[in-house]
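Trainee: Next up, protein-v7.cif (mmCIF, N, CA and C atoms).
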```cif
data_final
#
loop_
_atom_site.label_atom_id
_atom_site.label_comp_id
_atom_site.auth_asym_id
_atom_site.auth_seq_id
_atom_site.Cartn_x
_atom_site.Cartn_y
_atom_site.Cartn_z
N GLN A 1 -4.62 -10.11 -7.15
CA GLN A 1 -4.67 -8.66 -7.02
C GLN A 1 -4.06 -8.25 -5.69
N LEU A 2 -3.20 -7.24 -5.74
CA LEU A 2 -2.59 -6.68 -4.54
C LEU A 2 -3.16 -5.30 -4.30
N SER A 3 -3.41 -4.96 -3.03
CA SER A 3 -3.98 -3.67 -2.68
C SER A 3 -3.34 -3.13 -1.42
N VAL A 4 -3.17 -1.82 -1.40
CA VAL A 4 -2.76 -1.11 -0.18
C VAL A 4 -3.89 -0.18 0.18
N LEU A 5 -4.47 -0.37 1.36
CA LEU A 5 -5.51 0.52 1.86
C LEU A 5 -4.86 1.51 2.81
N ILE A 6 -5.14 2.79 2.60
CA ILE A 6 -4.62 3.83 3.48
C ILE A 6 -5.79 4.31 4.33
N ASN A 7 -5.72 3.98 5.61
CA ASN A 7 -6.75 4.37 6.55
C ASN A 7 -6.20 5.41 7.52
N PRO A 8 -7.04 6.13 8.23
CA PRO A 8 -6.53 7.11 9.20
C PRO A 8 -5.64 6.47 10.27
N GLY A 9 -5.80 5.18 10.53
CA GLY A 9 -5.01 4.51 11.57
C GLY A 9 -3.83 3.71 11.07
N GLY A 10 -3.58 3.73 9.76
CA GLY A 10 -2.45 2.97 9.22
C GLY A 10 -2.80 2.34 7.88
N TYR A 11 -1.97 1.38 7.51
CA TYR A 11 -2.15 0.67 6.23
C TYR A 11 -2.71 -0.72 6.44
N SER A 12 -3.35 -1.23 5.40
CA SER A 12 -3.67 -2.65 5.28
C SER A 12 -3.19 -3.09 3.90
N PHE A 13 -2.32 -4.09 3.86
CA PHE A 13 -1.86 -4.65 2.60
C PHE A 13 -2.64 -5.93 2.39
N MET A 14 -3.32 -6.03 1.25
CA MET A 14 -4.21 -7.16 1.01
C MET A 14 -3.83 -7.86 -0.30
N LYS A 15 -3.95 -9.18 -0.24
CA LYS A 15 -3.76 -10.01 -1.43
C LYS A 15 -5.10 -10.64 -1.78
N SER A 16 -5.27 -10.97 -3.06
CA SER A 16 -6.52 -11.59 -3.49
C SER A 16 -6.71 -12.97 -2.87
N THR A 17 -5.65 -13.53 -2.31
CA THR A 17 -5.75 -14.83 -1.64
C THR A 17 -6.45 -14.72 -0.29
N GLY A 18 -6.70 -13.47 0.16
CA GLY A 18 -7.34 -13.27 1.46
C GLY A 18 -6.36 -12.92 2.56
N GLU A 19 -5.07 -13.01 2.26
CA GLU A 19 -4.06 -12.64 3.25
C GLU A 19 -4.09 -11.13 3.46
N ASN A 20 -3.93 -10.74 4.71
CA ASN A 20 -4.00 -9.34 5.10
C ASN A 20 -2.84 -9.02 6.02
N THR A 21 -2.16 -7.91 5.79
CA THR A 21 -1.11 -7.46 6.70
C THR A 21 -1.45 -6.04 7.13
N ASP A 22 -1.71 -5.86 8.41
CA ASP A 22 -1.99 -4.53 8.94
C ASP A 22 -0.69 -3.88 9.37
N ILE A 23 -0.53 -2.62 9.01
CA ILE A 23 0.66 -1.85 9.37
C ILE A 23 0.18 -0.60 10.11
N PRO A 24 0.20 -0.66 11.45
CA PRO A 24 -0.32 0.48 12.22
C PRO A 24 0.57 1.72 12.08
N MET A 25 0.01 2.85 12.48
CA MET A 25 0.76 4.10 12.48
C MET A 25 1.98 3.95 13.37
N LYS A 26 3.01 4.72 13.04
CA LYS A 26 4.22 4.76 13.86
C LYS A 26 4.27 6.16 14.46
N GLY A 27 3.80 6.28 15.67
CA GLY A 27 3.65 7.61 16.27
C GLY A 27 2.53 8.35 15.57
N ASP A 28 2.83 9.53 15.07
CA ASP A 28 1.83 10.36 14.40
C ASP A 28 1.85 10.23 12.89
N ASP A 29 2.67 9.33 12.36
CA ASP A 29 2.80 9.22 10.92
C ASP A 29 2.68 7.76 10.48
N TYR A 30 2.55 7.58 9.19
CA TYR A 30 2.47 6.23 8.64
C TYR A 30 3.84 5.57 8.70
N ASP A 31 3.86 4.25 8.83
CA ASP A 31 5.11 3.50 8.91
C ASP A 31 5.56 3.15 7.49
N TYR A 32 6.16 4.14 6.84
CA TYR A 32 6.55 3.99 5.44
C TYR A 32 7.61 2.90 5.27
N ALA A 33 8.52 2.79 6.23
CA ALA A 33 9.58 1.78 6.13
C ALA A 33 9.00 0.38 6.19
N ARG A 34 8.04 0.15 7.06
CA ARG A 34 7.40 -1.16 7.17
C ARG A 34 6.61 -1.47 5.90
N LEU A 35 5.92 -0.48 5.35
CA LEU A 35 5.21 -0.68 4.10
C LEU A 35 6.18 -1.08 2.99
N ALA A 36 7.32 -0.39 2.92
CA ALA A 36 8.32 -0.71 1.90
C ALA A 36 8.81 -2.15 2.04
N ASP A 37 9.01 -2.60 3.28
CA ASP A 37 9.44 -3.99 3.52
C ASP A 37 8.38 -4.99 3.07
N VAL A 38 7.13 -4.71 3.40
CA VAL A 38 6.03 -5.61 3.02
C VAL A 38 5.91 -5.68 1.50
N LEU A 39 6.03 -4.54 0.84
CA LEU A 39 5.93 -4.50 -0.63
C LEU A 39 7.12 -5.22 -1.27
N LYS A 40 8.29 -5.07 -0.69
CA LYS A 40 9.47 -5.76 -1.21
C LYS A 40 9.28 -7.27 -1.12
N ASP A 41 8.75 -7.73 0.00
CA ASP A 41 8.46 -9.17 0.15
C ASP A 41 7.45 -9.64 -0.89
N ALA A 42 6.43 -8.83 -1.13
CA ALA A 42 5.40 -9.19 -2.12
C ALA A 42 6.01 -9.24 -3.52
N GLN A 43 6.91 -8.31 -3.83
CA GLN A 43 7.54 -8.30 -5.14
C GLN A 43 8.43 -9.53 -5.32
N ASN A 44 9.09 -9.96 -4.24
CA ASN A 44 9.90 -11.18 -4.31
C ASN A 44 9.02 -12.41 -4.47
N GLN A 45 7.86 -12.39 -3.85
CA GLN A 45 6.94 -13.52 -3.92
C GLN A 45 6.23 -13.59 -5.28
N TYR A 46 5.98 -12.43 -5.87
CA TYR A 46 5.28 -12.35 -7.16
C TYR A 46 6.12 -11.50 -8.13
N PRO A 47 7.26 -12.01 -8.60
CA PRO A 47 8.17 -11.19 -9.42
C PRO A 47 7.58 -10.72 -10.75
N ASP A 48 6.56 -11.39 -11.26
CA ASP A 48 5.96 -10.99 -12.53
C ASP A 48 4.81 -9.99 -12.35
N LYS A 49 4.50 -9.68 -11.11
CA LYS A 49 3.38 -8.78 -10.81
C LYS A 49 3.84 -7.33 -10.94
N ASN A 50 3.14 -6.56 -11.78
CA ASN A 50 3.47 -5.15 -11.99
C ASN A 50 2.44 -4.20 -11.40
N ASP A 51 1.22 -4.71 -11.19
CA ASP A 51 0.13 -3.82 -10.84
C ASP A 51 -0.27 -3.95 -9.37
N ILE A 52 -0.76 -2.85 -8.84
CA ILE A 52 -1.22 -2.80 -7.45
C ILE A 52 -2.25 -1.69 -7.35
N GLN A 53 -3.21 -1.87 -6.47
CA GLN A 53 -4.22 -0.84 -6.22
C GLN A 53 -3.88 -0.12 -4.92
N VAL A 54 -3.97 1.19 -4.93
CA VAL A 54 -3.86 1.99 -3.72
C VAL A 54 -5.24 2.59 -3.49
N LYS A 55 -5.82 2.28 -2.33
CA LYS A 55 -7.16 2.76 -2.01
C LYS A 55 -7.06 3.62 -0.75
N ALA A 56 -7.49 4.85 -0.87
CA ALA A 56 -7.35 5.80 0.22
C ALA A 56 -8.70 6.15 0.83
N ASP A 57 -8.73 6.18 2.16
CA ASP A 57 -9.88 6.68 2.89
C ASP A 57 -9.97 8.19 2.63
N ASP A 58 -11.19 8.72 2.59
CA ASP A 58 -11.37 10.15 2.32
C ASP A 58 -10.71 11.03 3.39
N ALA A 59 -10.51 10.50 4.58
CA ALA A 59 -9.94 11.28 5.68
C ALA A 59 -8.42 11.41 5.60
N VAL A 60 -7.78 10.69 4.67
CA VAL A 60 -6.32 10.71 4.57
C VAL A 60 -5.87 11.92 3.76
N ILE A 61 -4.87 12.64 4.28
CA ILE A 61 -4.35 13.84 3.65
C ILE A 61 -3.66 13.47 2.33
N TYR A 62 -3.85 14.31 1.33
CA TYR A 62 -3.36 14.06 -0.04
C TYR A 62 -1.87 13.73 -0.08
N ASN A 63 -1.03 14.50 0.64
CA ASN A 63 0.41 14.25 0.54
C ASN A 63 0.80 12.90 1.12
N LYS A 64 0.00 12.36 2.03
CA LYS A 64 0.25 11.01 2.55
C LYS A 64 -0.04 9.97 1.47
N VAL A 65 -1.05 10.22 0.67
CA VAL A 65 -1.38 9.33 -0.45
C VAL A 65 -0.25 9.35 -1.47
N ILE A 66 0.24 10.53 -1.80
CA ILE A 66 1.32 10.67 -2.78
C ILE A 66 2.59 9.98 -2.27
N HIS A 67 2.93 10.19 -1.00
CA HIS A 67 4.11 9.55 -0.43
C HIS A 67 3.97 8.02 -0.50
N THR A 68 2.78 7.53 -0.21
CA THR A 68 2.53 6.08 -0.29
C THR A 68 2.71 5.58 -1.72
N MET A 69 2.20 6.32 -2.69
CA MET A 69 2.34 5.92 -4.09
C MET A 69 3.82 5.91 -4.51
N ASP A 70 4.60 6.86 -4.01
CA ASP A 70 6.03 6.88 -4.29
C ASP A 70 6.71 5.62 -3.77
N ILE A 71 6.32 5.18 -2.59
CA ILE A 71 6.89 3.95 -2.01
C ILE A 71 6.49 2.74 -2.84
N VAL A 72 5.23 2.70 -3.28
CA VAL A 72 4.76 1.60 -4.12
C VAL A 72 5.57 1.54 -5.42
N LEU A 73 5.78 2.70 -6.04
CA LEU A 73 6.56 2.74 -7.28
C LEU A 73 8.00 2.30 -7.05
N SER A 74 8.60 2.73 -5.95
CA SER A 74 9.99 2.35 -5.67
C SER A 74 10.12 0.87 -5.34
N ALA A 75 9.01 0.23 -4.97
CA ALA A 75 9.02 -1.21 -4.70
C ALA A 75 8.84 -2.01 -5.99
N LYS A 76 8.92 -1.34 -7.13
CA LYS A 76 8.86 -1.97 -8.45
C LYS A 76 7.47 -2.48 -8.82
N PHE A 77 6.46 -1.68 -8.45
CA PHE A 77 5.10 -1.89 -8.93
C PHE A 77 4.74 -0.67 -9.79
N PRO A 78 5.11 -0.69 -11.09
CA PRO A 78 4.93 0.51 -11.91
C PRO A 78 3.49 0.81 -12.30
N ASP A 79 2.61 -0.17 -12.29
CA ASP A 79 1.22 0.03 -12.69
C ASP A 79 0.35 0.23 -11.45
N VAL A 80 0.29 1.48 -11.00
CA VAL A 80 -0.44 1.81 -9.78
C VAL A 80 -1.77 2.42 -10.15
N SER A 81 -2.85 1.89 -9.58
CA SER A 81 -4.15 2.53 -9.76
C SER A 81 -4.60 3.08 -8.40
N LEU A 82 -5.19 4.24 -8.43
CA LEU A 82 -5.62 4.92 -7.21
C LEU A 82 -7.13 5.01 -7.22
N SER A 83 -7.73 4.70 -6.08
CA SER A 83 -9.18 4.86 -5.95
C SER A 83 -9.50 5.17 -4.50
N ASP A 84 -10.74 5.59 -4.27
CA ASP A 84 -11.14 5.77 -2.88
C ASP A 84 -11.50 4.39 -2.33
N LYS A 85 -11.54 4.32 -1.04
CA LYS A 85 -11.72 3.02 -0.39
C LYS A 85 -13.08 2.41 -0.70
N GLY A 86 -14.08 3.25 -0.85
CA GLY A 86 -15.40 2.74 -1.16
C GLY A 86 -16.07 2.11 0.05
N GLY A 87 -17.35 1.88 -0.05
CA GLY A 87 -18.09 1.33 1.07
C GLY A 87 -17.94 -0.15 1.27
N GLY A 88 -17.47 -0.86 0.26
CA GLY A 88 -17.42 -2.33 0.35
C GLY A 88 -16.16 -2.87 0.96
N VAL A 89 -15.22 -2.01 1.34
CA VAL A 89 -13.94 -2.51 1.86
C VAL A 89 -13.84 -2.22 3.33
#
```
Take the structure in this file and express it as structure tokens.
Mentor:
Amino acid sequence: QLSVLINPGGYSFMKSTGENTDIPMKGDDYDYARLADVLKDAQNQYPDKNDIQVKADDAVIYNKVIHTMDIVLSAKFPDVSLSDKGGGV
């Protein structure tokens, strides 16, 4: 399972293997280019993988979530599920 967590301080890209890649904010905005690179690497590593979870913190502005989902889709992960981050993450 692949997941992108959107936190007020940046992204965390997580794999079910336990690997974690933190992508801090770039100035006052999210580092969309770095996220795209990380997702591209993941797609190359798992070419048969279509699905990914996007989990957003409640404090993240809606248009930032939508922009993130657009990047995920452009990285060739067409099966995107969106949820809130929840207390367990």
Trainee: Could you pull out the helix (DSSP H, G or I) residues of chain A from DSSP and send them as a list in words?
Mentor: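 So, restricting chain A to helix (DSSP H, G or I), we get Tyr32, Ala33, Arg34, Leu35, Ala36, Asp37, Val38, Leu39, Lys40, Asp41, Ala42, Gln43, Asn44, Gln45, Tyr62, Asn63, Lys64, Val65, Ile66, His67, Thr68, Met69, Asp70, Ile71, Val72, Leu73 and Ser74 of chain A.
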Trainee: Those same residues, written as a compact mmCIF listing (two decimals), keeping the file's coordinate frame with N, CA and C atoms?
Mentor:
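Result file is selection01.txt:
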```
# COMPACT_ATOMS: atom_id res chain seq x y z
N TYR A 32 6.16 4.14 6.84
CA TYR A 32 6.55 3.99 5.44
C TYR A 32 7.61 2.90 5.27
N ALA A 33 8.52 2.79 6.23
CA ALA A 33 9.58 1.78 6.13
C ALA A 33 9.00 0.38 6.19
N ARG A 34 8.04 0.15 7.06
CA ARG A 34 7.40 -1.16 7.17
C ARG A 34 6.61 -1.47 5.90
N LEU A 35 5.92 -0.48 5.35
CA LEU A 35 5.21 -0.68 4.10
C LEU A 35 6.18 -1.08 2.99
N ALA A 36 7.32 -0.39 2.92
CA ALA A 36 8.32 -0.71 1.90
C ALA A 36 8.81 -2.15 2.04
N ASP A 37 9.01 -2.60 3.28
CA ASP A 37 9.44 -3.99 3.52
C ASP A 37 8.38 -4.99 3.07
N VAL A 38 7.13 -4.71 3.40
CA VAL A 38 6.03 -5.61 3.02
C VAL A 38 5.91 -5.68 1.50
N LEU A 39 6.03 -4.54 0.84
CA LEU A 39 5.93 -4.50 -0.63
C LEU A 39 7.12 -5.22 -1.27
N LYS A 40 8.29 -5.07 -0.69
CA LYS A 40 9.47 -5.76 -1.21
C LYS A 40 9.28 -7.27 -1.12
N ASP A 41 8.75 -7.73 0.00
CA ASP A 41 8.46 -9.17 0.15
C ASP A 41 7.45 -9.64 -0.89
N ALA A 42 6.43 -8.83 -1.13
CA ALA A 42 5.40 -9.19 -2.12
C ALA A 42 6.01 -9.24 -3.52
N GLN A 43 6.91 -8.31 -3.83
CA GLN A 43 7.54 -8.30 -5.14
C GLN A 43 8.43 -9.53 -5.32
N ASN A 44 9.09 -9.96 -4.24
CA ASN A 44 9.90 -11.18 -4.31
C ASN A 44 9.02 -12.41 -4.47
N GLN A 45 7.86 -12.39 -3.85
CA GLN A 45 6.94 -13.52 -3.92
C GLN A 45 6.23 -13.59 -5.28
N TYR A 62 -3.85 14.31 1.33
CA TYR A 62 -3.36 14.06 -0.04
C TYR A 62 -1.87 13.73 -0.08
N ASN A 63 -1.03 14.50 0.64
CA ASN A 63 0.41 14.25 0.54
C ASN A 63 0.80 12.90 1.12
N LYS A 64 0.00 12.36 2.03
CA LYS A 64 0.25 11.01 2.55
C LYS A 64 -0.04 9.97 1.47
N VAL A 65 -1.05 10.22 0.67
CA VAL A 65 -1.38 9.33 -0.45
C VAL A 65 -0.25 9.35 -1.47
N ILE A 66 0.24 10.53 -1.80
CA ILE A 66 1.32 10.67 -2.78
C ILE A 66 2.59 9.98 -2.27
N HIS A 67 2.93 10.19 -1.00
CA HIS A 67 4.11 9.55 -0.43
C HIS A 67 3.97 8.02 -0.50
N THR A 68 2.78 7.53 -0.21
CA THR A 68 2.53 6.08 -0.29
C THR A 68 2.71 5.58 -1.72
N MET A 69 2.20 6.32 -2.69
CA MET A 69 2.34 5.92 -4.09
C MET A 69 3.82 5.91 -4.51
N ASP A 70 4.60 6.86 -4.01
CA ASP A 70 6.03 6.88 -4.29
C ASP A 70 6.71 5.62 -3.77
N ILE A 71 6.32 5.18 -2.59
CA ILE A 71 6.89 3.95 -2.01
C ILE A 71 6.49 2.74 -2.84
N VAL A 72 5.23 2.70 -3.28
CA VAL A 72 4.76 1.60 -4.12
C VAL A 72 5.57 1.54 -5.42
N LEU A 73 5.78 2.70 -6.04
CA LEU A 73 6.56 2.74 -7.28
C LEU A 73 8.00 2.30 -7.05
N SER A 74 8.60 2.73 -5.95
CA SER A 74 9.99 2.35 -5.67
C SER A 74 10.12 0.87 -5.34
```
Trainee: As an NGL selection string, please: the residues near Ser74 of chain A (cut-off 12 Å, only C-alpha atoms, same-chain neighbours under 5 positions excluded).
Mentor: :A and (32-33 or 35-37 or 39-40 or 43 or 50 or 67-69 or 79-80)
Trainee: How big is the axis-aligned box around the listed atoms of segment 40-49 of chain A once 6 Å is added on each side, and where is its centre? Give both in Å to one decimal, as JSON.
Mentor:
```
{"center_x": 6.6, "center_y": -9.3, "center_z": -6.2, "size_x": 18.5, "size_y": 20.5, "size_z": 24.7}
```
Trainee: What does the distance between atom C of Ser12 of chain A and atom C of Lys55 of chain A come to in Å, to one decimal place?
Mentor: 9.0 Å
Trainee: May I have the protein, DNA and RNA residues with an atom at most 5 Å from (3.9, -3.0, -7.2), counting all atoms listed in the file in the file's coordinates, returned as a list in words?
Mentor: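 Residues with an atom close enough to that point: Asn50, Asp51, Ile52, Lys76, Phe77 and Pro78 of chain A.
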Trainee: Give me, as a compact mmCIF listing (two decimals) with N, CA and C atoms, in the frame of the given file, the residues of chain A that a backbone DSSP run labels strand (DSSP E or B).
Mentor:
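Written out: states.txt:
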```txt
# COMPACT_ATOMS: atom_id res chain seq x y z
N LEU A 2 -3.20 -7.24 -5.74
CA LEU A 2 -2.59 -6.68 -4.54
C LEU A 2 -3.16 -5.30 -4.30
N SER A 3 -3.41 -4.96 -3.03
CA SER A 3 -3.98 -3.67 -2.68
C SER A 3 -3.34 -3.13 -1.42
N VAL A 4 -3.17 -1.82 -1.40
CA VAL A 4 -2.76 -1.11 -0.18
C VAL A 4 -3.89 -0.18 0.18
N LEU A 5 -4.47 -0.37 1.36
CA LEU A 5 -5.51 0.52 1.86
C LEU A 5 -4.86 1.51 2.81
N ILE A 6 -5.14 2.79 2.60
CA ILE A 6 -4.62 3.83 3.48
C ILE A 6 -5.79 4.31 4.33
N ASN A 7 -5.72 3.98 5.61
CA ASN A 7 -6.75 4.37 6.55
C ASN A 7 -6.20 5.41 7.52
N GLY A 10 -3.58 3.73 9.76
CA GLY A 10 -2.45 2.97 9.22
C GLY A 10 -2.80 2.34 7.88
N TYR A 11 -1.97 1.38 7.51
CA TYR A 11 -2.15 0.67 6.23
C TYR A 11 -2.71 -0.72 6.44
N SER A 12 -3.35 -1.23 5.40
CA SER A 12 -3.67 -2.65 5.28
C SER A 12 -3.19 -3.09 3.90
N PHE A 13 -2.32 -4.09 3.86
CA PHE A 13 -1.86 -4.65 2.60
C PHE A 13 -2.64 -5.93 2.39
N MET A 14 -3.32 -6.03 1.25
CA MET A 14 -4.21 -7.16 1.01
C MET A 14 -3.83 -7.86 -0.30
N LYS A 15 -3.95 -9.18 -0.24
CA LYS A 15 -3.76 -10.01 -1.43
C LYS A 15 -5.10 -10.64 -1.78
N ASN A 20 -3.93 -10.74 4.71
CA ASN A 20 -4.00 -9.34 5.10
C ASN A 20 -2.84 -9.02 6.02
N THR A 21 -2.16 -7.91 5.79
CA THR A 21 -1.11 -7.46 6.70
C THR A 21 -1.45 -6.04 7.13
N ASP A 22 -1.71 -5.86 8.41
CA ASP A 22 -1.99 -4.53 8.94
C ASP A 22 -0.69 -3.88 9.37
N ILE A 23 -0.53 -2.62 9.01
CA ILE A 23 0.66 -1.85 9.37
C ILE A 23 0.18 -0.60 10.11
N PRO A 24 0.20 -0.66 11.45
CA PRO A 24 -0.32 0.48 12.22
C PRO A 24 0.57 1.72 12.08
N LYS A 26 3.01 4.72 13.04
CA LYS A 26 4.22 4.76 13.86
C LYS A 26 4.27 6.16 14.46
N ASP A 29 2.67 9.33 12.36
CA ASP A 29 2.80 9.22 10.92
C ASP A 29 2.68 7.76 10.48
N ASP A 51 1.22 -4.71 -11.19
CA ASP A 51 0.13 -3.82 -10.84
C ASP A 51 -0.27 -3.95 -9.37
N ILE A 52 -0.76 -2.85 -8.84
CA ILE A 52 -1.22 -2.80 -7.45
C ILE A 52 -2.25 -1.69 -7.35
N GLN A 53 -3.21 -1.87 -6.47
CA GLN A 53 -4.22 -0.84 -6.22
C GLN A 53 -3.88 -0.12 -4.92
N VAL A 54 -3.97 1.19 -4.93
CA VAL A 54 -3.86 1.99 -3.72
C VAL A 54 -5.24 2.59 -3.49
N LYS A 55 -5.82 2.28 -2.33
CA LYS A 55 -7.16 2.76 -2.01
C LYS A 55 -7.06 3.62 -0.75
N ALA A 56 -7.49 4.85 -0.87
CA ALA A 56 -7.35 5.80 0.22
C ALA A 56 -8.70 6.15 0.83
N ASP A 79 2.61 -0.17 -12.29
CA ASP A 79 1.22 0.03 -12.69
C ASP A 79 0.35 0.23 -11.45
N VAL A 80 0.29 1.48 -11.00
CA VAL A 80 -0.44 1.81 -9.78
C VAL A 80 -1.77 2.42 -10.15
N SER A 81 -2.85 1.89 -9.58
CA SER A 81 -4.15 2.53 -9.76
C SER A 81 -4.60 3.08 -8.40
N LEU A 82 -5.19 4.24 -8.43
CA LEU A 82 -5.62 4.92 -7.21
C LEU A 82 -7.13 5.01 -7.22
N SER A 83 -7.73 4.70 -6.08
CA SER A 83 -9.18 4.86 -5.95
C SER A 83 -9.50 5.17 -4.50
N ASP A 84 -10.74 5.59 -4.27
CA ASP A 84 -11.14 5.77 -2.88
C ASP A 84 -11.50 4.39 -2.33
```
Trainee: Residues proximal to (-5.1, -11.4, -3.6) were defined as those with any atom within 7 Å of that point in the file's coordinates, counting only N, CA and C atoms. Which are they, as a count of residues only?
Mentor: 9
Trainee: Smallest atom-to-atom distance to Asp41 of chain A: which of A:Ala59, A:Ala75, A:Val54, A:Met25, using only C-alpha atoms?
Mentor: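 Checking each of A:Ala59, A:Ala75, A:Val54, A:Met25 against Asp41 of chain A, counting only C-alpha atoms, the winner is A:Ala75.
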Trainee: Find the residue from A:Val60, A:Ile71, A:Leu82, A:Pro47 that sits nearest to Asp31 of chain A; use only C-alpha atoms when measuring.
Mentor: A:Ile71
Trainee: Quick one: everything within 8 Å of Ala56 of chain A, counting only C-alpha atoms, minus sequence neighbours fewer than 3 positions away in the same chain. Send it as a list in words.
Mentor: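 Counting only the stated atoms, we get Leu5, Ile6, Asn7, Val60, Val65, Leu82, Ser83, Asp84 and Lys85 of chain A.
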